[in-house]
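**Student:** The structure file start29.cif (mmCIF, C-alpha atoms and all ligand atoms) is provided below.
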```cif
data_start
loop_
_atom_site.label_atom_id
_atom_site.label_comp_id
_atom_site.auth_asym_id
_atom_site.auth_seq_id
_atom_site.Cartn_x
_atom_site.Cartn_y
_atom_site.Cartn_z
CA MET A 833 -0.81 15.28 -28.23
CA ALA A 834 -0.64 17.98 -25.57
CA LYS A 835 2.86 18.62 -24.21
CA THR A 836 1.47 20.10 -21.04
CA TYR A 837 -1.86 20.00 -19.26
CA SER A 838 -3.49 22.79 -17.27
CA ILE A 839 -4.34 20.91 -14.16
CA THR A 840 -5.80 21.63 -10.73
CA LEU A 841 -4.85 19.70 -7.63
CA LYS A 842 -7.37 20.03 -4.81
CA ILE A 843 -5.30 18.89 -1.87
CA HIS A 844 -6.66 18.02 1.54
CA ARG A 845 -4.63 19.98 4.07
CA TYR A 846 -4.37 19.61 7.82
CA ASN A 847 -2.54 21.90 10.22
CA PRO A 848 -2.05 20.09 13.57
CA GLU A 849 -0.97 23.26 15.41
CA GLU A 850 -4.35 24.87 14.70
CA ASP A 851 -6.26 21.58 14.37
CA ARG A 852 -7.57 22.98 11.09
CA SER A 853 -8.54 21.07 7.92
CA TRP A 854 -9.26 22.57 4.53
CA ILE A 855 -8.97 21.88 0.80
CA GLN A 856 -6.45 23.98 -1.08
CA ASP A 857 -6.44 24.44 -4.86
CA TYR A 858 -3.15 24.50 -6.77
CA HIS A 859 -3.29 25.35 -10.49
CA MET A 860 -0.33 24.61 -12.75
CA GLU A 861 0.89 23.75 -16.22
CA ALA A 862 2.22 20.21 -15.94
CA GLY A 863 4.32 18.26 -18.42
CA ARG A 864 2.62 15.04 -19.48
CA ILE A 865 5.27 12.72 -18.08
CA LEU A 866 5.59 14.43 -14.73
CA ARG A 867 4.55 12.16 -11.87
CA PHE A 868 2.38 13.31 -9.01
CA VAL A 869 5.41 13.40 -6.67
CA ASP A 870 6.98 15.79 -9.19
CA LEU A 871 3.86 17.96 -8.91
CA PHE A 872 4.22 18.00 -5.13
CA HIS A 873 7.89 19.05 -5.49
CA LYS A 874 6.77 21.71 -7.97
CA ILE A 875 4.23 23.07 -5.49
CA ASN A 876 6.87 23.18 -2.74
CA ASP A 877 9.37 24.92 -5.07
CA GLU A 878 7.07 27.36 -6.85
CA GLN A 879 3.87 27.93 -4.89
CA ASP A 880 3.76 26.70 -1.32
CA SER A 881 6.67 25.39 0.71
CA THR A 882 4.34 24.41 3.57
CA LEU A 883 2.63 21.51 1.78
CA ALA A 884 3.69 18.30 3.56
CA TRP A 885 3.75 14.90 1.88
CA ASN A 886 5.78 11.70 2.01
CA SER A 887 8.16 9.98 -0.37
CA SER A 888 11.49 8.22 -0.28
CA CYS A 889 12.59 6.09 -3.25
CA GLU A 890 10.33 7.86 -5.79
CA HIS A 891 10.66 4.68 -7.80
CA GLY A 892 7.73 2.49 -6.74
CA GLN A 893 9.74 0.48 -4.24
CA CYS A 894 9.24 1.85 -0.73
CA GLY A 895 5.50 2.43 -0.44
CA THR A 896 5.77 5.76 1.36
CA CYS A 897 4.14 8.05 -1.22
CA SER A 898 0.65 6.52 -1.20
CA VAL A 899 -2.22 8.98 -1.47
CA ILE A 900 -5.82 8.83 -2.61
CA VAL A 901 -6.37 10.47 -6.01
CA ASN A 902 -9.99 10.95 -7.08
CA GLY A 903 -10.99 8.17 -4.70
CA LYS A 904 -8.32 5.65 -5.69
CA PRO A 905 -5.37 4.79 -3.42
CA LEU A 906 -2.14 4.75 -5.45
CA LEU A 907 1.56 5.57 -5.46
CA ALA A 908 2.15 9.24 -6.26
CA CYS A 909 5.57 8.37 -7.70
CA GLU A 910 4.00 6.07 -10.31
CA LEU A 911 1.12 8.19 -11.53
CA LEU A 912 1.99 10.23 -14.62
CA VAL A 913 -0.02 13.37 -15.39
CA GLU A 914 -0.99 12.08 -18.82
CA ASN A 915 -2.11 8.70 -17.47
CA ALA A 916 -4.08 10.41 -14.71
CA VAL A 917 -5.89 12.66 -17.23
CA HIS A 918 -6.84 9.62 -19.32
CA ARG A 919 -7.67 7.33 -16.40
CA PHE A 920 -9.87 9.80 -14.54
CA ARG A 921 -11.07 11.73 -17.63
CA THR A 922 -10.44 15.07 -15.96
CA THR A 923 -7.71 17.60 -15.31
CA THR A 924 -8.89 18.20 -11.73
CA PHE A 925 -7.60 15.85 -9.08
CA ILE A 926 -8.75 15.60 -5.49
CA ILE A 927 -5.84 14.38 -3.40
CA GLU A 928 -6.33 12.99 0.09
CA PRO A 929 -4.08 11.23 2.59
CA LEU A 930 -4.60 7.50 3.07
CA ASP A 931 -7.28 6.75 5.64
CA VAL A 932 -5.44 3.90 7.36
CA ALA A 933 -4.11 5.95 10.29
CA PRO A 934 -4.50 9.45 11.75
CA VAL A 935 -3.22 12.32 9.61
CA ILE A 936 -0.11 13.99 10.99
CA ARG A 937 -0.05 16.90 8.55
CA ASP A 938 -1.52 17.43 5.07
CA LEU A 939 -0.88 14.20 3.09
CA MET A 940 1.22 12.53 5.80
CA VAL A 941 -0.31 9.85 8.00
CA ASP A 942 1.04 8.22 11.14
CA MET A 943 2.74 5.18 9.60
CA GLU A 944 3.81 3.81 12.97
CA LYS A 945 0.14 3.53 13.81
CA ALA A 946 -0.64 1.98 10.42
CA TYR A 947 2.11 -0.62 10.92
CA GLU A 948 0.64 -1.74 14.25
CA LYS A 949 -1.69 -4.10 12.37
CA VAL A 950 1.14 -5.54 10.27
CA ASN A 951 3.34 -5.94 13.33
CA GLN A 952 0.63 -8.00 15.02
CA VAL A 953 1.25 -10.84 12.56
CA LYS A 954 5.03 -10.79 13.27
CA PRO A 955 6.09 -10.46 9.62
CA TYR A 956 9.53 -11.96 10.24
CA ILE A 957 10.96 -15.42 10.92
CA ILE A 958 10.20 -16.34 14.53
CA GLU A 959 11.83 -19.77 14.60
CA PRO A 960 14.24 -20.62 11.76
CA ALA A 961 13.77 -24.12 10.35
CA PRO A 962 16.96 -26.21 10.19
CA LEU A 963 18.33 -26.90 6.73
CA PRO A 964 17.50 -30.45 5.60
CA VAL A 965 20.36 -32.88 6.24
CA GLU A 966 22.87 -33.08 3.32
CA ARG A 967 21.21 -30.20 1.47
CA ASP A 968 22.10 -26.54 1.49
CA VAL A 969 18.72 -25.33 0.26
CA TYR A 970 15.23 -25.37 1.69
CA PRO A 971 12.79 -27.56 -0.24
CA ILE A 972 10.18 -25.68 -2.31
CA THR A 973 8.50 -26.65 -5.58
CA PRO A 974 8.57 -24.28 -8.59
CA ASN A 975 4.83 -23.57 -8.18
CA GLU A 976 5.19 -22.86 -4.47
CA LEU A 977 8.20 -20.65 -5.18
CA GLU A 978 6.28 -18.64 -7.79
CA LEU A 979 3.42 -18.06 -5.34
CA TYR A 980 5.82 -17.19 -2.52
CA VAL A 981 7.86 -14.73 -4.61
CA ASN A 982 4.69 -13.08 -5.86
CA ALA A 983 3.46 -12.50 -2.30
CA THR A 984 6.82 -11.14 -1.14
CA ARG A 985 6.63 -8.29 -3.66
CA CYS A 986 4.41 -6.38 -1.23
CA ILE A 987 5.95 -3.02 -0.29
CA ASN A 988 3.43 -2.21 2.46
CA CYS A 989 2.14 0.86 0.70
CA PHE A 990 -1.22 0.33 2.47
CA CYS A 991 -3.21 1.11 -0.72
CA CYS A 992 -5.06 -2.21 -0.31
CA ALA A 993 -5.82 -1.49 3.35
CA SER A 994 -7.22 1.89 2.35
CA ALA A 995 -9.42 0.37 -0.37
CA CYS A 996 -10.66 -2.51 1.81
CA ILE A 997 -14.18 -2.05 3.20
CA SER A 998 -13.31 -4.23 6.21
CA SER A 999 -9.93 -2.73 7.15
CA HIS A 1000 -11.37 0.16 9.08
CA LYS A 1001 -13.11 -2.15 11.52
CA SER A 1002 -11.57 -5.05 13.40
CA PHE A 1003 -9.93 -6.71 10.36
CA LEU A 1004 -6.13 -6.53 10.44
CA GLY A 1005 -6.23 -5.75 6.73
CA PRO A 1006 -5.13 -7.29 3.43
CA ASN A 1007 -1.43 -6.44 3.68
CA ALA A 1008 -1.22 -7.80 7.25
CA MET A 1009 -2.93 -11.00 6.07
CA LEU A 1010 -0.50 -11.23 3.17
CA ALA A 1011 2.45 -10.80 5.54
CA ALA A 1012 1.17 -13.70 7.66
CA ILE A 1013 0.57 -15.84 4.56
CA VAL A 1014 4.12 -15.17 3.33
CA ARG A 1015 5.59 -16.63 6.53
CA VAL A 1016 3.25 -19.64 6.38
CA MET A 1017 4.59 -20.31 2.86
CA ASP A 1018 8.20 -19.63 3.87
CA PRO A 1019 10.14 -22.94 4.16
CA ARG A 1020 12.72 -21.17 6.36
CA GLU A 1021 10.11 -20.61 9.05
CA GLN A 1022 9.29 -23.40 11.49
CA GLU A 1023 6.64 -21.56 13.51
CA LYS A 1024 3.43 -21.83 11.49
CA GLU A 1025 0.87 -22.23 14.28
CA GLU A 1026 1.25 -18.64 15.46
CA ARG A 1027 0.41 -17.41 11.94
CA PHE A 1028 -2.57 -19.74 11.63
CA LYS A 1029 -3.85 -18.38 14.94
CA VAL A 1030 -3.78 -14.80 13.66
CA LEU A 1031 -5.06 -15.70 10.17
CA TYR A 1032 -8.09 -17.47 11.64
CA SER A 1033 -8.61 -15.13 14.59
CA ASP A 1034 -11.62 -12.81 14.80
CA GLN A 1035 -9.41 -10.13 13.19
CA GLY A 1036 -8.32 -12.49 10.42
CA VAL A 1037 -9.28 -13.67 6.94
CA TYR A 1038 -12.94 -14.36 7.65
CA ARG A 1039 -13.46 -10.59 8.02
CA CYS A 1040 -12.71 -10.32 4.28
CA HIS A 1041 -15.79 -9.92 2.06
CA SER A 1042 -13.98 -10.96 -1.14
CA THR A 1043 -14.65 -7.66 -2.91
CA GLN A 1044 -11.18 -7.79 -4.56
CA ALA A 1045 -10.65 -4.05 -4.10
CA CYS A 1046 -7.22 -4.89 -2.66
CA THR A 1047 -6.21 -6.70 -5.84
CA PHE A 1048 -7.61 -3.90 -7.99
CA VAL A 1049 -5.51 -1.15 -6.36
CA CYS A 1050 -2.26 -3.03 -5.63
CA PRO A 1051 0.55 -1.17 -7.45
CA LYS A 1052 2.67 -4.35 -7.41
CA GLU A 1053 -0.16 -6.27 -9.14
CA ILE A 1054 -0.38 -8.84 -6.37
CA ASP A 1055 -3.66 -10.75 -6.36
CA VAL A 1056 -4.11 -10.14 -2.63
CA ALA A 1057 -7.73 -11.29 -2.63
CA HIS A 1058 -6.68 -14.63 -4.15
CA PHE A 1059 -4.12 -15.22 -1.38
CA ILE A 1060 -6.74 -14.42 1.24
CA ALA A 1061 -9.24 -16.73 -0.50
CA LEU A 1062 -6.65 -19.53 -0.42
CA ALA A 1063 -6.14 -18.93 3.30
CA LYS A 1064 -9.89 -19.02 3.89
CA GLU A 1065 -10.00 -22.44 2.23
CA GLY A 1066 -7.06 -23.65 4.31
CA ALA A 1067 -5.07 -23.99 1.09
CA ILE A 1068 -2.06 -21.98 2.29
CA LYS A 1069 0.58 -24.30 3.63
CA LEU A 1070 4.02 -25.66 2.95
S1 LIG B 1101 -11.06 -8.87 -0.97
FE1 LIG B 1101 -11.14 -8.87 1.27
S2 LIG B 1101 -9.17 -8.00 1.91
FE2 LIG B 1101 -9.46 -7.48 -0.27
S3 LIG B 1101 -10.41 -5.44 -0.25
FE3 LIG B 1101 -12.08 -6.96 -0.34
S4 LIG B 1101 -12.67 -7.29 1.80
FE4 LIG B 1101 -10.66 -6.30 1.82
S1 LIG B 1102 -0.44 -5.90 -1.14
FE1 LIG B 1102 -0.07 -4.38 -2.75
S2 LIG B 1102 -1.43 -2.68 -2.20
FE2 LIG B 1102 -1.24 -3.95 -0.39
S3 LIG B 1102 0.41 -3.03 0.78
FE3 LIG B 1102 1.30 -4.66 -0.48
S4 LIG B 1102 1.98 -3.62 -2.33
FE4 LIG B 1102 0.59 -2.22 -1.31
S1 LIG B 1103 8.32 7.10 -3.09
FE1 LIG B 1103 8.79 4.98 -2.83
S2 LIG B 1103 7.07 4.01 -3.69
FE2 LIG B 1103 6.70 6.09 -4.12
#
```
Any chance you could give the structure as structure tokens?
Ligand code: SF4
Ligand code: SF4
Ligand code: FES
**Tutor:**
Amino acid sequence: MAKTYSITLKIHRYNPEEDRSWIQDYHMEAGRILRFVDLFHKINDEQDSTLAWNSSCEHGQCGTCSVIVNGKPLLACELLVENAVHRFRTTTFIIEPLDVAPVIRDLMVDMEKAYEKVNQVKPYIIEPAPLPVERDVYPITPNELELYVNATRCINCFCCASACISSHKSFLGPNAMLAAIVRVMDPREQEKEERFKVLYSDQGVYRCHSTQACTFVCPKEIDVAHFIALAKEGAIKL
């Protein structure tokens, strides 16, 4: 088993000052358990301090390091060199920024713009439901709880939105739909109608073509397409 791989990263660059785009090649020897965020650090430290990219937790929890590698949206902090070589059967990787919002610089996109679609569904409790009399917990069955907890694992990495063929048009996108569905399922939320309005609006779930690309790319292994299918059937409620 190789201890290192000779790899090439072909990174899409963008310089906003010059409004110039190009693809830059970086060649390196990379340890097999280095992650792609480690490769970006390595480039900054050893080859090119001007390469701009995003990360925060570097532990698969914040969703800020998403990029497209050889056509697949994924978290750069979760992709190991060795896994990438096996998955894509190559040592050359084309790395692009997500296409869910305008690029600010290199691999960084305007996340405020990307979040506009999520914010439209108001992904927070609008009107808290009162606790049931003589109980200090909200009622929820084990099955409903399992579904709810599964949906709340979304970290808004926007990989699903990038993979979705409908997201680039008037569809709010899979993660925005999931955020609305979460609040419909949330027993602490009294205001459901507002979510139904957005779910069944002309930017809502009926824009989905059920391709399941969202489910395929989700790094948290959420079956996003299944949640959207349930919403289409009117089967999301509490
Ligand atoms: S299943 Fe629907 S939401 Fe998911 S990627 Fe396909 S079209 Fe988009
Ligand atoms: S549903 Fe999955 S892929 Fe989509 S934003 Fe949430 S964590 Fe990312
Ligand atoms: S840096 Fe937080 S998920 Fe990758």
**Student:** Can you tell me which residues surround Phe990 in chain A at a distance of at most 9 Å, considering all atoms listed in the file, apart from same-chain residues fewer than 2 positions away, and format the answer as a list in words?
**Tutor:**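 The neighbour list is Gly895, Thr896, Ser898, Pro905, Leu930, Val932, Ala946, Ile987, Asn988, Cys992, Ala993, Ser994, Ala995, Gly1005, Pro1006, Asn1007 and Cys1050 of chain A.
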**Student:** Now that the selection is made, can you save its residues with C-alpha atoms as an mmCIF file, in the frame of the given file?
**Tutor:**
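Final output, selection_35.cif:
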```
data_model
loop_
_atom_site.group_PDB
_atom_site.id
_atom_site.type_symbol
_atom_site.label_atom_id
_atom_site.label_comp_id
_atom_site.auth_asym_id
_atom_site.auth_seq_id
_atom_site.Cartn_x
_atom_site.Cartn_y
_atom_site.Cartn_z
ATOM 1 C CA GLY A 895 5.500 2.430 -0.440
ATOM 2 C CA THR A 896 5.770 5.760 1.360
ATOM 3 C CA SER A 898 0.650 6.520 -1.200
ATOM 4 C CA PRO A 905 -5.370 4.790 -3.420
ATOM 5 C CA LEU A 930 -4.600 7.500 3.070
ATOM 6 C CA VAL A 932 -5.440 3.900 7.360
ATOM 7 C CA ALA A 946 -0.640 1.980 10.420
ATOM 8 C CA ILE A 987 5.950 -3.020 -0.290
ATOM 9 C CA ASN A 988 3.430 -2.210 2.460
ATOM 10 C CA CYS A 992 -5.060 -2.210 -0.310
ATOM 11 C CA ALA A 993 -5.820 -1.490 3.350
ATOM 12 C CA SER A 994 -7.220 1.890 2.350
ATOM 13 C CA ALA A 995 -9.420 0.370 -0.370
ATOM 14 C CA GLY A 1005 -6.230 -5.750 6.730
ATOM 15 C CA PRO A 1006 -5.130 -7.290 3.430
ATOM 16 C CA ASN A 1007 -1.430 -6.440 3.680
ATOM 17 C CA CYS A 1050 -2.260 -3.030 -5.630
#
```
**Student:** Between A:Ala884, A:Cys894, A:Leu979, A:Ile926, which has the minimum distance to ligand LIG 1102 (chain B) (counting all atoms listed in the file)?
**Tutor:**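 That would be A:Cys894, the residue with the smallest distance to ligand LIG 1102 (chain B).
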**Student:** Trp854 in chain A: which residues within 12 Å, counting only C-alpha atoms, same-chain residues fewer than 6 positions away excluded, as an mmCIF file with C-alpha atoms, in the frame of the given file?
**Tutor:**
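Written file, result_19.cif:
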```cif
data_model
loop_
_atom_site.group_PDB
_atom_site.id
_atom_site.type_symbol
_atom_site.label_atom_id
_atom_site.label_comp_id
_atom_site.auth_asym_id
_atom_site.auth_seq_id
_atom_site.Cartn_x
_atom_site.Cartn_y
_atom_site.Cartn_z
ATOM 1 C CA LYS A 842 -7.370 20.030 -4.810
ATOM 2 C CA ILE A 843 -5.300 18.890 -1.870
ATOM 3 C CA HIS A 844 -6.660 18.020 1.540
ATOM 4 C CA ARG A 845 -4.630 19.980 4.070
ATOM 5 C CA TYR A 846 -4.370 19.610 7.820
ATOM 6 C CA ASN A 847 -2.540 21.900 10.220
ATOM 7 C CA PRO A 848 -2.050 20.090 13.570
ATOM 8 C CA ILE A 927 -5.840 14.380 -3.400
ATOM 9 C CA GLU A 928 -6.330 12.990 0.090
ATOM 10 C CA ARG A 937 -0.050 16.900 8.550
ATOM 11 C CA ASP A 938 -1.520 17.430 5.070
ATOM 12 C CA LEU A 939 -0.880 14.200 3.090
#
```
**Student:** Please return as a PDB file with C-alpha atoms, in the frame of the given file the residues found within 9 Å of ligand LIG 1103 (chain B), counting all atoms listed in the file.
**Tutor:**
```pdb
ATOM      1  CA  VAL A 869       5.410  13.400  -6.670  1.00  0.00           C
ATOM      2  CA  ASN A 886       5.780  11.700   2.010  1.00  0.00           C
ATOM      3  CA  SER A 887       8.160   9.980  -0.370  1.00  0.00           C
ATOM      4  CA  SER A 888      11.490   8.220  -0.280  1.00  0.00           C
ATOM      5  CA  CYS A 889      12.590   6.090  -3.250  1.00  0.00           C
ATOM      6  CA  GLU A 890      10.330   7.860  -5.790  1.00  0.00           C
ATOM      7  CA  HIS A 891      10.660   4.680  -7.800  1.00  0.00           C
ATOM      8  CA  GLY A 892       7.730   2.490  -6.740  1.00  0.00           C
ATOM      9  CA  GLN A 893       9.740   0.480  -4.240  1.00  0.00           C
ATOM     10  CA  CYS A 894       9.240   1.850  -0.730  1.00  0.00           C
ATOM     11  CA  GLY A 895       5.500   2.430  -0.440  1.00  0.00           C
ATOM     12  CA  THR A 896       5.770   5.760   1.360  1.00  0.00           C
ATOM     13  CA  CYS A 897       4.140   8.050  -1.220  1.00  0.00           C
ATOM     14  CA  SER A 898       0.650   6.520  -1.200  1.00  0.00           C
ATOM     15  CA  LEU A 907       1.560   5.570  -5.460  1.00  0.00           C
ATOM     16  CA  ALA A 908       2.150   9.240  -6.260  1.00  0.00           C
ATOM     17  CA  CYS A 909       5.570   8.370  -7.700  1.00  0.00           C
ATOM     18  CA  GLU A 910       4.000   6.070 -10.310  1.00  0.00           C
ATOM     19  CA  ILE A 987       5.950  -3.020  -0.290  1.00  0.00           C
ATOM     20  CA  CYS A 989       2.140   0.860   0.700  1.00  0.00           C
TER      21      CYS A 989
END
```
**Student:** Neighbours of ligand LIG 1101 (chain B) within 9 Å, counting only C-alpha atoms and all ligand atoms, as an mmCIF file with C-alpha atoms, in the coordinates of the input?
**Tutor:**
```
data_model
loop_
_atom_site.group_PDB
_atom_site.id
_atom_site.type_symbol
_atom_site.label_atom_id
_atom_site.label_comp_id
_atom_site.auth_asym_id
_atom_site.auth_seq_id
_atom_site.Cartn_x
_atom_site.Cartn_y
_atom_site.Cartn_z
ATOM 1 C CA CYS A 992 -5.060 -2.210 -0.310
ATOM 2 C CA ALA A 993 -5.820 -1.490 3.350
ATOM 3 C CA SER A 994 -7.220 1.890 2.350
ATOM 4 C CA ALA A 995 -9.420 0.370 -0.370
ATOM 5 C CA CYS A 996 -10.660 -2.510 1.810
ATOM 6 C CA ILE A 997 -14.180 -2.050 3.200
ATOM 7 C CA SER A 998 -13.310 -4.230 6.210
ATOM 8 C CA SER A 999 -9.930 -2.730 7.150
ATOM 9 C CA PHE A 1003 -9.930 -6.710 10.360
ATOM 10 C CA GLY A 1005 -6.230 -5.750 6.730
ATOM 11 C CA PRO A 1006 -5.130 -7.290 3.430
ATOM 12 C CA ASN A 1007 -1.430 -6.440 3.680
ATOM 13 C CA MET A 1009 -2.930 -11.000 6.070
ATOM 14 C CA VAL A 1037 -9.280 -13.670 6.940
ATOM 15 C CA TYR A 1038 -12.940 -14.360 7.650
ATOM 16 C CA ARG A 1039 -13.460 -10.590 8.020
ATOM 17 C CA CYS A 1040 -12.710 -10.320 4.280
ATOM 18 C CA HIS A 1041 -15.790 -9.920 2.060
ATOM 19 C CA SER A 1042 -13.980 -10.960 -1.140
ATOM 20 C CA THR A 1043 -14.650 -7.660 -2.910
ATOM 21 C CA GLN A 1044 -11.180 -7.790 -4.560
ATOM 22 C CA ALA A 1045 -10.650 -4.050 -4.100
ATOM 23 C CA CYS A 1046 -7.220 -4.890 -2.660
ATOM 24 C CA THR A 1047 -6.210 -6.700 -5.840
ATOM 25 C CA PHE A 1048 -7.610 -3.900 -7.990
ATOM 26 C CA VAL A 1049 -5.510 -1.150 -6.360
ATOM 27 C CA VAL A 1056 -4.110 -10.140 -2.630
ATOM 28 C CA ALA A 1057 -7.730 -11.290 -2.630
ATOM 29 C CA HIS A 1058 -6.680 -14.630 -4.150
ATOM 30 C CA ILE A 1060 -6.740 -14.420 1.240
ATOM 31 C CA ALA A 1061 -9.240 -16.730 -0.500
#
```
**Student:** For Lys1064 in chain A, which residue out of A:Phe1028, A:Asp968, A:Phe872, A:Tyr956 is the nearest one, using all atoms listed in the file?
**Tutor:**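 Closest to Lys1064 in chain A of all the choices is A:Phe1028.
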**Student:** For the atom pair CA of Ile875 in chain A and CA of Pro934 in chain A, what is the interatomic distance in Å to one decimal place?
**Tutor:**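 CA of Pro934 in chain A lies at a distance of 23.6 Å from CA of Ile875 in chain A.
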**Student:** Report, in Å to a single decimal, how far apart CA of Lys949 in chain A and CA of Ser1033 in chain A are.
**Tutor:**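 Distance reported for this atom pair: 13.2 Å.
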**Student:** Identify which of the residues A:Arg985, A:Arg867, A:Arg1027, A:Arg1015 lies closest to ligand LIG 1102 (chain B), counting only C-alpha atoms and all ligand atoms when measuring atom-to-atom distances.
**Tutor:**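 That would be A:Arg985, the residue with the smallest distance to ligand LIG 1102 (chain B).
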**Student:** Please indicate the distance in Å from CA of Pro955 in chain A to CA of Glu1021 in chain A, rounded to one decimal place.
**Tutor:**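 Between CA of Pro955 in chain A and CA of Glu1021 in chain A the gap is 10.9 Å.
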**Student:** Using only C-alpha atoms and a cutoff of 7 Å, can you tell me which residues are near (10.2, -18.1, 9.5) in the file's coordinates, and write them out as a PyMOL selection string?
**Tutor:** chain A and resi 956-960+1015+1018+1020-1023
**Student:** Keeping only C-alpha atoms, write the selected residues as a PDB file, keeping the file's coordinate frame.
**Tutor:**
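Result written to again-v6.pdb:
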```pdb
ATOM      1  CA  TYR A 956       9.530 -11.960  10.240  1.00  0.00           C
ATOM      2  CA  ILE A 957      10.960 -15.420  10.920  1.00  0.00           C
ATOM      3  CA  ILE A 958      10.200 -16.340  14.530  1.00  0.00           C
ATOM      4  CA  GLU A 959      11.830 -19.770  14.600  1.00  0.00           C
ATOM      5  CA  PRO A 960      14.240 -20.620  11.760  1.00  0.00           C
ATOM      6  CA  ARG A1015       5.590 -16.630   6.530  1.00  0.00           C
ATOM      7  CA  ASP A1018       8.200 -19.630   3.870  1.00  0.00           C
ATOM      8  CA  ARG A1020      12.720 -21.170   6.360  1.00  0.00           C
ATOM      9  CA  GLU A1021      10.110 -20.610   9.050  1.00  0.00           C
ATOM     10  CA  GLN A1022       9.290 -23.400  11.490  1.00  0.00           C
ATOM     11  CA  GLU A1023       6.640 -21.560  13.510  1.00  0.00           C
TER      12      GLU A1023
END
```
**Student:** Take every atom of ligand LIG 1102 (chain B) listed in the file, fit an axis-aligned box around them, add 8 Å per side, and give the centre and edge lengths in Å to one decimal as JSON.
**Tutor:**
```
{"center_x": 0.3, "center_y": -4.1, "center_z": -1.0, "size_x": 19.4, "size_y": 19.7, "size_z": 19.5}
```
**Student:** Taking into account all atoms listed in the file, which residue in the set A:Leu906, A:Lys835, A:Thr973, A:Leu1031 is nearest to ligand LIG 1102 (chain B)?
**Tutor:**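 Nearest candidate to ligand LIG 1102 (chain B) out of A:Leu906, A:Lys835, A:Thr973, A:Leu1031: A:Leu906.
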**Student:** Which of these, A:Arg864, A:Lys904, A:His1000, A:Lys874, has the shortest distance to ligand LIG 1102 (chain B) once you count only C-alpha atoms and all ligand atoms?
**Tutor:** A:Lys904
**Student:** Write out as a PDB file with C-alpha atoms, keeping the file's coordinate frame each polymer residue whose atoms come within 12 Å of range 878-880 of chain A, counting all atoms listed in the file; drop sequence neighbours fewer than 2 positions from it.
**Tutor:**
```pdb
ATOM      1  CA  ILE A 843      -5.300  18.890  -1.870  1.00  0.00           C
ATOM      2  CA  GLN A 856      -6.450  23.980  -1.080  1.00  0.00           C
ATOM      3  CA  ASP A 857      -6.440  24.440  -4.860  1.00  0.00           C
ATOM      4  CA  TYR A 858      -3.150  24.500  -6.770  1.00  0.00           C
ATOM      5  CA  HIS A 859      -3.290  25.350 -10.490  1.00  0.00           C
ATOM      6  CA  MET A 860      -0.330  24.610 -12.750  1.00  0.00           C
ATOM      7  CA  GLU A 861       0.890  23.750 -16.220  1.00  0.00           C
ATOM      8  CA  ASP A 870       6.980  15.790  -9.190  1.00  0.00           C
ATOM      9  CA  LEU A 871       3.860  17.960  -8.910  1.00  0.00           C
ATOM     10  CA  PHE A 872       4.220  18.000  -5.130  1.00  0.00           C
ATOM     11  CA  HIS A 873       7.890  19.050  -5.490  1.00  0.00           C
ATOM     12  CA  LYS A 874       6.770  21.710  -7.970  1.00  0.00           C
ATOM     13  CA  ILE A 875       4.230  23.070  -5.490  1.00  0.00           C
ATOM     14  CA  ASN A 876       6.870  23.180  -2.740  1.00  0.00           C
ATOM     15  CA  THR A 882       4.340  24.410   3.570  1.00  0.00           C
ATOM     16  CA  LEU A 883       2.630  21.510   1.780  1.00  0.00           C
ATOM     17  CA  ALA A 884       3.690  18.300   3.560  1.00  0.00           C
TER      18      ALA A 884
END
```
**Student:** Residues within 7 Å of Gly863 in chain A, please, as a list in words. Count all atoms listed in the file; anything in the same chain fewer than 3 positions from it doesn't count.
**Tutor:** Lys835, Thr836, Tyr837 and Leu866 of chain A
**Student:** Which residue out of A:Glu1053, A:Glu948, A:Asp877, A:Glu1026 has the minimum interatomic distance to ligand LIG 1102 (chain B) when all atoms listed in the file are used?
**Tutor:**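 For ligand LIG 1102 (chain B), the nearest of the candidates is A:Glu1053.
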**Student:** Excluding Glu1025 in chain A and its own-chain neighbours fewer than 4 positions away, which residues fall within 9 Å of it when counting only C-alpha atoms? Please give them as a PyMOL selection string.
**Tutor:** chain A and resi 1016+1029-1030
